[in-house]
Structures are given as structure tokens and as C-alpha cells.
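Content type compact mmCIF, C-alpha atoms, from the file final34.txt:
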# COMPACT_ATOMS: atom_id res chain seq x y z
CA LYS A 1 20.90 -23.07 4.24
CA VAL A 2 18.47 -25.55 5.79
CA GLY A 3 15.64 -26.17 3.35
CA GLY A 4 17.70 -24.89 0.43
CA THR A 5 19.89 -26.55 -2.18
CA THR A 6 23.35 -25.85 -3.51
CA THR A 7 25.24 -27.66 -6.27
CA ARG A 8 28.86 -28.55 -6.92
CA ASP A 9 30.47 -29.77 -10.13
CA PHE A 10 33.18 -32.47 -10.07
CA ALA A 11 35.30 -32.79 -13.18
CA ILE A 12 36.03 -36.17 -14.86
CA GLU A 13 39.11 -35.83 -17.07
CA ASN A 14 39.93 -38.33 -19.82
CA ASN A 15 43.60 -38.00 -20.63
CA GLY A 16 43.63 -41.03 -22.92
CA GLY A 17 43.17 -41.48 -26.63
CA ALA A 18 39.94 -43.52 -26.35
CA ASP A 19 36.49 -42.60 -25.09
CA LEU A 20 35.79 -43.32 -21.42
CA THR A 21 32.44 -44.98 -20.71
CA ILE A 22 30.97 -44.16 -17.32
CA GLY A 23 29.56 -47.32 -15.78
CA SER A 24 28.02 -45.93 -12.61
CA VAL A 25 27.97 -42.81 -10.45
CA THR A 26 26.71 -42.98 -6.88
CA VAL A 27 26.53 -40.61 -3.91
CA THR A 28 25.96 -41.52 -0.29
CA PRO A 29 24.18 -40.77 1.93
CA THR A 30 20.99 -39.67 0.17
CA PRO A 31 19.77 -37.29 1.43
CA PRO A 32 21.29 -34.76 1.91
CA PHE A 33 23.44 -35.53 -1.18
CA SER A 34 21.95 -36.38 -4.57
CA LEU A 35 22.96 -36.46 -8.22
CA ALA A 36 21.81 -33.68 -10.50
CA SER A 37 23.56 -34.71 -13.74
CA ILE A 38 26.01 -37.39 -14.87
CA PRO A 39 27.77 -38.02 -18.20
CA ASN A 40 27.57 -41.35 -19.99
CA VAL A 41 30.78 -40.94 -21.98
CA VAL A 42 33.83 -38.69 -21.65
CA SER A 43 35.45 -38.23 -25.05
CA ALA A 44 39.17 -38.77 -25.54
CA TRP A 45 41.27 -35.88 -24.27
CA ASN A 46 38.16 -34.20 -22.90
CA THR A 47 36.47 -33.31 -19.60
CA SER A 48 32.91 -33.77 -18.36
CA SER A 49 31.29 -32.99 -15.02
CA VAL A 50 29.18 -34.72 -12.41
CA THR A 51 26.85 -32.33 -10.61
CA VAL A 52 26.01 -33.13 -6.99
CA LYS A 53 23.27 -31.41 -5.00
CA PHE A 54 23.49 -30.77 -1.26
CA SER A 55 20.14 -30.18 0.47
CA PRO A 56 20.46 -30.13 4.28
CA SER A 57 17.30 -30.60 6.28
CA ALA A 58 18.86 -29.74 9.64
CA ILE A 59 21.64 -27.67 11.14
CA GLY A 60 24.95 -29.51 11.34
CA THR A 61 27.84 -30.96 9.35
CA PHE A 62 27.25 -33.76 6.85
CA THR A 63 29.80 -36.01 5.11
CA GLY A 64 29.38 -38.23 2.09
CA MET A 65 31.07 -39.95 -0.84
CA LEU A 66 30.89 -39.67 -4.61
CA VAL A 67 32.01 -42.84 -6.43
CA VAL A 68 32.54 -42.76 -10.21
CA SER A 69 33.17 -46.04 -12.06
CA GLY A 70 34.19 -46.44 -15.70
CA ASP A 71 35.83 -48.77 -18.20
CA ASP A 72 39.38 -47.56 -17.47
CA ALA A 73 41.18 -50.81 -16.66
CA SER A 74 44.04 -49.03 -14.88
CA ASN A 75 41.71 -46.95 -12.69
CA PRO A 76 38.21 -48.46 -12.72
CA SER A 77 36.77 -46.15 -10.03
CA ASP A 78 37.47 -42.95 -8.16
CA THR A 79 36.08 -41.76 -4.84
CA VAL A 80 35.56 -38.17 -3.76
CA TYR A 81 34.88 -37.45 -0.08
CA MET A 82 32.39 -34.62 0.42
CA SER A 83 31.26 -32.50 3.32
CA GLY A 84 28.74 -29.73 3.81
CA SER A 85 27.14 -27.79 6.63
CA GLY A 86 23.49 -27.02 7.17
CA ILE A 87 23.06 -23.47 8.46
CA ASN A 88 19.94 -21.50 9.23
CA SER A 89 18.72 -17.99 9.90
CA ALA A 90 16.81 -16.88 13.00
CA LEU A 91 14.95 -13.63 12.33
CA SER A 92 13.36 -11.67 15.16
CA ILE A 93 11.37 -8.44 14.86
CA ALA A 94 11.13 -5.73 17.50
CA PRO A 95 8.63 -4.41 18.15
CA SER A 96 6.45 -7.18 16.75
CA ASN A 97 3.50 -4.75 16.79
CA VAL A 98 3.78 -0.97 16.40
CA SER A 99 1.46 1.32 18.35
CA PHE A 100 1.88 5.00 17.48
CA GLY A 101 -0.55 6.05 20.21
CA PRO A 102 -2.39 9.38 19.97
CA VAL A 103 -1.07 11.66 17.22
CA PRO A 104 -2.48 15.10 16.31
CA VAL A 105 -4.40 15.11 13.03
CA SER A 106 -2.18 15.92 10.01
CA SER A 107 1.00 15.43 12.07
CA THR A 108 3.52 12.72 11.19
CA VAL A 109 5.25 10.37 13.62
CA LEU A 110 7.99 7.89 12.68
CA ASP A 111 8.83 4.55 14.28
CA THR A 112 11.67 2.12 13.63
CA ILE A 113 11.29 -1.66 13.41
CA LEU A 114 14.50 -3.59 14.08
CA LEU A 115 15.21 -6.85 12.27
CA SER A 116 17.77 -9.06 14.06
CA ASN A 117 19.21 -12.30 12.71
CA SER A 118 20.84 -14.46 15.39
CA GLY A 119 21.35 -17.39 13.00
CA THR A 120 24.32 -18.52 10.92
CA ALA A 121 22.71 -17.85 7.52
CA SER A 122 21.49 -14.63 5.93
CA VAL A 123 17.79 -13.77 5.58
CA LYS A 124 16.55 -12.30 2.32
CA ILE A 125 13.65 -9.84 2.51
CA LEU A 126 11.86 -10.57 -0.75
CA ALA A 127 8.95 -8.15 -0.42
CA TYR A 128 7.27 -5.56 1.80
CA SER A 129 3.47 -5.30 1.68
CA LEU A 130 1.48 -2.62 3.53
CA ALA A 131 -2.27 -3.11 4.00
CA SER A 132 -4.44 -0.32 5.39
CA VAL A 133 -7.96 0.98 4.80
CA THR A 134 -6.51 4.46 4.25
CA SER A 135 -3.05 5.73 3.38
CA VAL A 136 -2.26 7.01 6.88
CA PHE A 137 0.54 4.44 7.30
CA ARG A 138 3.60 4.51 5.06
CA VAL A 139 6.86 2.60 4.80
CA VAL A 140 9.44 5.40 4.77
CA ASP A 141 12.55 3.21 4.56
CA SER A 142 12.40 -0.32 3.14
CA SER A 143 15.90 -0.35 1.65
CA SER A 144 16.97 -3.42 3.66
CA HIS A 145 16.63 -6.58 1.57
CA LEU A 146 19.19 -8.73 3.38
CA VAL A 147 19.83 -9.36 7.08
CA THR A 148 23.25 -10.97 7.39
CA ALA A 149 24.09 -13.71 9.86
CA ASP A 150 24.31 -12.19 13.36
CA GLY A 151 23.36 -8.86 11.79
CA THR A 152 20.58 -6.29 11.99
CA ALA A 153 18.55 -4.12 9.62
CA ARG A 154 15.76 -1.62 10.05
CA ILE A 155 12.43 -0.59 8.61
CA VAL A 156 11.03 2.91 9.19
CA VAL A 157 7.25 3.40 9.14
CA SER A 158 5.19 6.57 9.56
CA PHE A 159 1.69 7.46 10.74
CA THR A 160 -0.16 10.60 9.59
CA PRO A 161 -3.80 10.56 10.76
CA SER A 162 -6.24 12.48 8.60
CA ASP A 163 -9.07 12.54 11.12
CA ALA A 164 -9.75 12.11 14.82
CA THR A 165 -10.34 8.37 14.85
CA SER A 166 -8.54 5.06 15.36
CA TYR A 167 -6.58 3.41 12.56
CA SER A 168 -5.07 -0.02 12.03
CA GLY A 169 -3.01 -1.70 9.34
CA THR A 170 -0.52 -4.50 8.73
CA LEU A 171 2.98 -4.64 7.34
CA THR A 172 3.86 -8.05 5.88
CA LEU A 173 7.41 -9.18 5.18
CA THR A 174 8.08 -12.04 2.77
CA THR A 175 11.41 -13.77 3.44
CA ASP A 176 13.32 -16.85 2.30
CA GLU A 177 12.96 -18.56 5.68
CA ALA A 178 11.11 -21.85 6.18
CA SER A 179 8.17 -19.82 7.53
CA PRO A 180 8.40 -17.03 4.97
CA THR A 181 5.70 -14.58 6.09
CA ARG A 182 6.00 -12.19 9.02
CA THR A 183 3.18 -9.78 9.88
CA ILE A 184 3.51 -6.61 11.96
CA ASN A 185 0.33 -4.93 13.21
CA LEU A 186 0.19 -1.14 13.03
CA THR A 187 -2.18 0.96 15.15
CA GLY A 188 -2.61 4.65 15.91
CA THR A 189 -5.21 7.23 16.85
CA GLY A 190 -5.76 10.67 15.37
CA VAL A 191 -6.59 13.32 17.97
CA LYS A 192 -7.69 16.97 17.87
CA GLY A 193 -7.93 19.82 20.31
CA SER A 194 -11.36 21.16 21.32
CA LEU A 195 -11.67 24.86 22.18
CA SER A 196 -14.20 26.36 24.60
CA VAL A 197 -14.38 29.81 26.22
CA LEU A 198 -16.06 30.38 29.59
CA PRO A 199 -18.11 32.30 30.16
CA ASP A 200 -19.40 32.52 26.61
CA SER A 201 -20.53 36.14 27.18
CA LEU A 202 -19.27 39.04 29.29
CA ASP A 203 -21.59 41.69 30.78
CA PHE A 204 -19.64 44.70 32.00
CA GLY A 205 -22.78 46.42 33.34
CA PRO A 206 -22.78 50.20 33.85
CA VAL A 207 -19.31 51.78 33.55
CA ASP A 208 -18.67 55.48 34.13
CA THR A 209 -17.50 57.42 31.11
CA GLY A 210 -13.72 57.63 30.99
CA LYS A 211 -13.35 54.68 33.28
CA ALA A 212 -12.26 51.14 32.37
CA ALA A 213 -13.63 47.82 33.57
CA GLN A 214 -11.98 44.44 33.31
CA MET A 215 -13.39 40.93 33.13
CA THR A 216 -11.72 37.55 32.55
CA ALA A 217 -12.68 34.83 30.11
CA HIS A 218 -11.06 31.41 30.42
CA ILE A 219 -9.94 29.44 27.37
CA HIS A 220 -10.20 25.67 27.80
CA ASN A 221 -8.91 22.84 25.63
CA THR A 222 -11.02 19.78 26.28
CA GLY A 223 -9.50 17.77 23.40
CA LEU A 224 -6.57 15.35 23.26
CA ALA A 225 -4.18 17.51 21.22
CA SER A 226 -2.67 20.92 21.79
CA LEU A 227 -4.27 24.03 20.34
CA ARG A 228 -2.43 27.05 19.01
CA ILE A 229 -4.17 30.43 19.43
CA THR A 230 -3.48 32.31 16.22
CA ALA A 231 -5.63 35.41 16.83
CA LEU A 232 -7.80 37.20 19.42
CA ASN A 233 -10.25 39.80 18.15
CA VAL A 234 -12.57 42.14 20.04
CA THR A 235 -15.39 43.91 18.20
CA PRO A 236 -16.54 46.59 17.90
Structure translated into C-alpha cells:
Amino acid sequence: KVGGTTTRDFAIENNGGADLTIGSVTVTPTPPFSLASIPNVVSAWNTSSVTVKFSPSAIGTFTGMLVVSGDDASNPSDTVYMSGSGINSALSIAPSNVSFGPVPVSSTVLDTILLSNSGTASVKILAYSLASVTSVFRVVDSSSHLVTADGTARIVVSFTPSDATSYSGTLTLTTDEASPTRTINLTGTGVKGSLSVLPDSLDFGPVDTGKAAQMTAHIHNTGLASLRITALNVTP
């Protein structure tokens, strides 16, 4: 992956009865290839390894050579031809900001954030961090810790307002990309219903005994959330 490093071991076998002294070990080009470890001597009838690092700084295919020279008169040097490809991830987040809109107080609303990787390398999600003044926002599902190449994953967040006011928070993802931090803004508003009855008093006036009179009172909800009428009582 671009910006990362991988290693490969190349074995040097000594099939003779005397120690093999390694004169020089070189890799070209540098970068993206470099030497991580080299032996000085390979004992008789033994094997040692040269470790080569590959650290691509761009997308594409790279070729190089490893040349090992020693004091073997019959084979003073060996060349290994190497190749490697630089690949990269391309993470996108939708929506980049989550607005839950108006939500009745004490109700819970869920929203899904889609992570899409259009690159050729996987993206690791190393950490999720939720910042909010109150605990009205929650990460319900953060089980995705890897977005494969050309793959998708999801995050589920919830909003449960505790009062009729506006709330904001941030969800931060830490990844293994070159720009590792992604921030998603979260907003939502808690709303309530507001009950009023008009008129606020009813005067039936004089009504003959044994007769019935009828008047109408109107129930209004001037709030932003629905109201449920749980009881109507008339006294006495």
C-alpha cells in the first residue's frame, strides 16, 4: 500500500564445505527498494537470508534488482529481479454529515453511514470516537474494522433527544490511510408537543331541568411533535 512497507526474505544457500563470505549486497533502485538486513557470512552447509523492504510512494508497478556478491570463485555474484506494485485505498463517506432533523423527546431515530472504498487496497478502521456534550448520540453498530478494495461497510448511529433543544456532536474515524482522520458531524433537534384547549372555560348558561346542552372545546397542538390524548375527565 502506498505509504506502507512490506518485506521479503531471499535465501542464500551455501552448499559447500567452507564458509561463504558475503562481499556486498545491493538493491536498485532505492527507493522504493531498500535493504533491511544482510548476513556477513553463511556457514558451510547452511542458509542465511537477505531481507528487502518495498516502500512504494505512488501507485504503479516498480521493478528492481538484488545483487549478492561473495567469495565463491565459481559463482561470485547472483542477481534477483524484483517487482512490486503500489496500491492505495480511496475511502468515501456518505453522508459526510448526518442531520437527524426534528425528533420527539425520548424517541430514538437511527441513521446509516456508508463507507465505500473505490481503491485497490483495503482500509483499516482503527478506532471510532464519538464526541458530544450529552449522550444523546450513540454508535449502535461499529463492527466494521476493514473496508476491502472496491467494497463497502456501514456504521449505524442513533439520536435520542432528552429535551426540546438542538444537539450537535462529531464521530471521528481513525484509519490507516495517508490522511488518517475522518470527521462526521452529527446534528439533531429534540421537539415536544404543546397542548392548548380553546376556549379555556365553558359557560352553559341556564338549562331547563331534564334537558341537555352541548358545547364544543377545541384541542390544539401548537408544538412540533405529536401529542397522544390519554384521558379526558369531566368533574363534577
At a cut-off of 8 Å, using only C-alpha atoms, what residues contact range 109-124 of chain A? Leave out same-chain residues fewer than 3 positions from it and give the result as a PyMOL selection string. chain A and resi 1+87-95+98+100+103+145-160+175-177
At most 10 Å is the cut-off: for each residue in range 37-156 of chain A with any atom that close to an atom of range 3-7 of chain A, write down the nearest atom pair and the distance in Å rounded to one decimal, counting all atoms listed in the file, chain first then increasing number, as a tab-separated table.
residue	atom	partner	partner_atom	distance
A:Thr51	CA	A:Thr7	CA	6.6
A:Val52	CA	A:Thr7	CA	5.6
A:Lys53	CA	A:Thr7	CA	4.4
A:Phe54	CA	A:Thr6	CA	5.4
A:Ser55	CA	A:Thr5	CA	4.5
A:Pro56	CA	A:Gly3	CA	6.3
A:Ser57	CA	A:Gly3	CA	5.6
A:Ala58	CA	A:Gly3	CA	7.9
A:Ile59	CA	A:Gly3	CA	9.9
A:Gly84	CA	A:Thr6	CA	9.9
A:Gly86	CA	A:Gly3	CA	8.8
A:Ile87	CA	A:Gly3	CA	9.4
A:Asn88	CA	A:Gly3	CA	8.7
Using the selection just defined, write its residues with C-alpha atoms as a PDB file, in the frame of the given file.
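Printed below is result-v3.pdb as written:
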ATOM      1  CA  THR A  51      26.850 -32.330 -10.610  1.00  0.00           C
ATOM      2  CA  VAL A  52      26.010 -33.130  -6.990  1.00  0.00           C
ATOM      3  CA  LYS A  53      23.270 -31.410  -5.000  1.00  0.00           C
ATOM      4  CA  PHE A  54      23.490 -30.770  -1.260  1.00  0.00           C
ATOM      5  CA  SER A  55      20.140 -30.180   0.470  1.00  0.00           C
ATOM      6  CA  PRO A  56      20.460 -30.130   4.280  1.00  0.00           C
ATOM      7  CA  SER A  57      17.300 -30.600   6.280  1.00  0.00           C
ATOM      8  CA  ALA A  58      18.860 -29.740   9.640  1.00  0.00           C
ATOM      9  CA  ILE A  59      21.640 -27.670  11.140  1.00  0.00           C
ATOM     10  CA  GLY A  84      28.740 -29.730   3.810  1.00  0.00           C
ATOM     11  CA  GLY A  86      23.490 -27.020   7.170  1.00  0.00           C
ATOM     12  CA  ILE A  87      23.060 -23.470   8.460  1.00  0.00           C
ATOM     13  CA  ASN A  88      19.940 -21.500   9.230  1.00  0.00           C
TER      14      ASN A  88
END
Spatial neighbours of range 10-23 of chain A, max dist 9 Å, all atoms listed in the file, sep filter under 2 positions, as a list in words: Arg8, Val25, Ile38, Pro39, Asn40, Val41, Val42, Ser43, Ala44, Trp45, Asn46, Thr47, Ser48, Ser49, Val50, Thr51, Val52, Val68, Ser69, Gly70, Asp71, Asp72 and Val80 of chain A
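Going from CA of Ser166 in chain A to CA of Gly188 in chain A covers 6.0 Å.
The environment of Thr165 in chain A within 12 Å, counting only C-alpha atoms and disregarding residues fewer than 2 places along the same chain, consists of Gly101, Pro102, Val103, Pro104, Val105, Thr134, Val136, Thr160, Pro161, Ser162, Asp163, Tyr167, Ser168, Thr187, Gly188, Thr189, Gly190, Val191, Lys192 and Leu224 of chain A.
Distance-wise, CA of Gly169 in chain A and CA of Ile125 in chain A end up 19.8 Å apart.
A straight line drawn from CA of Phe33 in chain A to CA of Ser74 in chain A is 28.2 Å long.
Distance check against Ala36 in chain A using all atoms listed in the file: of A:Thr222, A:Asp9, A:Ser24, A:Leu202, the minimum falls on A:Asp9.
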If you count all atoms listed in the file, which residues fall within 7 Å of Asn97 in chain A, apart from same-chain ones fewer than 4 positions away, as a PyMOL selection string? chain A and resi 184-186
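With distances taken over all atoms listed in the file, A:Ser194 is the one residue among A:Ser144, A:Thr209, A:Ser194, A:Gln214 lying closest to Leu227 in chain A.
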Can you take the partial range 8-33 of chain A, add N, CA, C and O atoms, and return it as a compact mmCIF listing (two decimals), in the frame of the given file?
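selection01.txt written:
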# COMPACT_ATOMS: atom_id res chain seq x y z
N ARG A 8 27.40 -28.56 -6.72
CA ARG A 8 28.86 -28.55 -6.92
C ARG A 8 29.20 -29.46 -8.09
O ARG A 8 28.68 -30.58 -8.18
N ASP A 9 30.04 -28.98 -8.99
CA ASP A 9 30.47 -29.77 -10.13
C ASP A 9 31.82 -30.44 -9.84
O ASP A 9 32.74 -29.79 -9.31
N PHE A 10 31.93 -31.72 -10.20
CA PHE A 10 33.18 -32.47 -10.07
C PHE A 10 33.61 -32.91 -11.47
O PHE A 10 32.85 -33.55 -12.21
N ALA A 11 34.82 -32.54 -11.82
CA ALA A 11 35.30 -32.79 -13.18
C ALA A 11 35.82 -34.22 -13.33
O ALA A 11 36.51 -34.75 -12.45
N ILE A 12 35.48 -34.86 -14.46
CA ILE A 12 36.03 -36.17 -14.86
C ILE A 12 36.89 -35.91 -16.10
O ILE A 12 36.37 -35.54 -17.16
N GLU A 13 38.19 -36.08 -15.96
CA GLU A 13 39.11 -35.83 -17.07
C GLU A 13 39.52 -37.15 -17.74
O GLU A 13 39.85 -38.12 -17.06
N ASN A 14 39.47 -37.17 -19.04
CA ASN A 14 39.93 -38.33 -19.82
C ASN A 14 41.20 -37.92 -20.55
O ASN A 14 41.15 -37.18 -21.54
N ASN A 15 42.31 -38.36 -20.04
CA ASN A 15 43.60 -38.00 -20.63
C ASN A 15 44.13 -39.07 -21.58
O ASN A 15 45.31 -39.09 -21.93
N GLY A 16 43.23 -39.97 -22.01
CA GLY A 16 43.63 -41.03 -22.92
C GLY A 16 43.13 -40.78 -24.33
O GLY A 16 42.37 -39.83 -24.61
N GLY A 17 43.55 -41.64 -25.23
CA GLY A 17 43.17 -41.48 -26.63
C GLY A 17 41.89 -42.19 -27.01
O GLY A 17 41.50 -42.15 -28.19
N ALA A 18 41.21 -42.84 -26.08
CA ALA A 18 39.94 -43.52 -26.35
C ALA A 18 38.84 -42.96 -25.45
O ALA A 18 39.12 -42.42 -24.37
N ASP A 19 37.61 -43.06 -25.90
CA ASP A 19 36.49 -42.60 -25.09
C ASP A 19 36.40 -43.39 -23.79
O ASP A 19 36.68 -44.60 -23.77
N LEU A 20 35.98 -42.68 -22.72
CA LEU A 20 35.79 -43.32 -21.42
C LEU A 20 34.30 -43.48 -21.17
O LEU A 20 33.55 -42.49 -21.13
N THR A 21 33.86 -44.72 -21.00
CA THR A 21 32.44 -44.98 -20.71
C THR A 21 32.24 -45.01 -19.20
O THR A 21 32.93 -45.74 -18.48
N ILE A 22 31.29 -44.21 -18.76
CA ILE A 22 30.97 -44.16 -17.32
C ILE A 22 29.99 -45.27 -17.00
O ILE A 22 28.88 -45.34 -17.55
N GLY A 23 30.41 -46.18 -16.13
CA GLY A 23 29.56 -47.32 -15.78
C GLY A 23 28.52 -46.97 -14.74
O GLY A 23 27.34 -47.27 -14.88
N SER A 24 28.96 -46.31 -13.67
CA SER A 24 28.02 -45.93 -12.61
C SER A 24 28.57 -44.73 -11.85
O SER A 24 29.78 -44.53 -11.74
N VAL A 25 27.64 -43.95 -11.31
CA VAL A 25 27.97 -42.81 -10.45
C VAL A 25 27.02 -42.87 -9.26
O VAL A 25 25.79 -42.89 -9.45
N THR A 26 27.56 -42.91 -8.06
CA THR A 26 26.71 -42.98 -6.88
C THR A 26 27.17 -41.95 -5.84
O THR A 26 28.34 -41.61 -5.78
N VAL A 27 26.22 -41.47 -5.06
CA VAL A 27 26.53 -40.61 -3.91
C VAL A 27 25.86 -41.20 -2.68
O VAL A 27 24.77 -41.78 -2.76
N THR A 28 26.52 -41.09 -1.57
CA THR A 28 25.96 -41.52 -0.29
C THR A 28 26.39 -40.52 0.78
O THR A 28 27.47 -39.96 0.68
N PRO A 29 25.56 -40.29 1.81
CA PRO A 29 24.18 -40.77 1.93
C PRO A 29 23.22 -39.90 1.13
O PRO A 29 23.53 -38.76 0.78
N THR A 30 22.05 -40.44 0.83
CA THR A 30 20.99 -39.67 0.17
C THR A 30 19.74 -39.72 1.03
O THR A 30 19.22 -40.82 1.27
N PRO A 31 19.17 -38.61 1.44
CA PRO A 31 19.77 -37.29 1.43
C PRO A 31 20.83 -37.15 2.50
O PRO A 31 21.02 -38.10 3.26
N PRO A 32 21.56 -36.03 2.58
CA PRO A 32 21.29 -34.76 1.91
C PRO A 32 21.95 -34.61 0.53
O PRO A 32 21.76 -33.61 -0.13
N PHE A 33 22.78 -35.63 0.12
CA PHE A 33 23.44 -35.53 -1.18
C PHE A 33 22.60 -36.24 -2.24
O PHE A 33 21.95 -37.25 -1.95
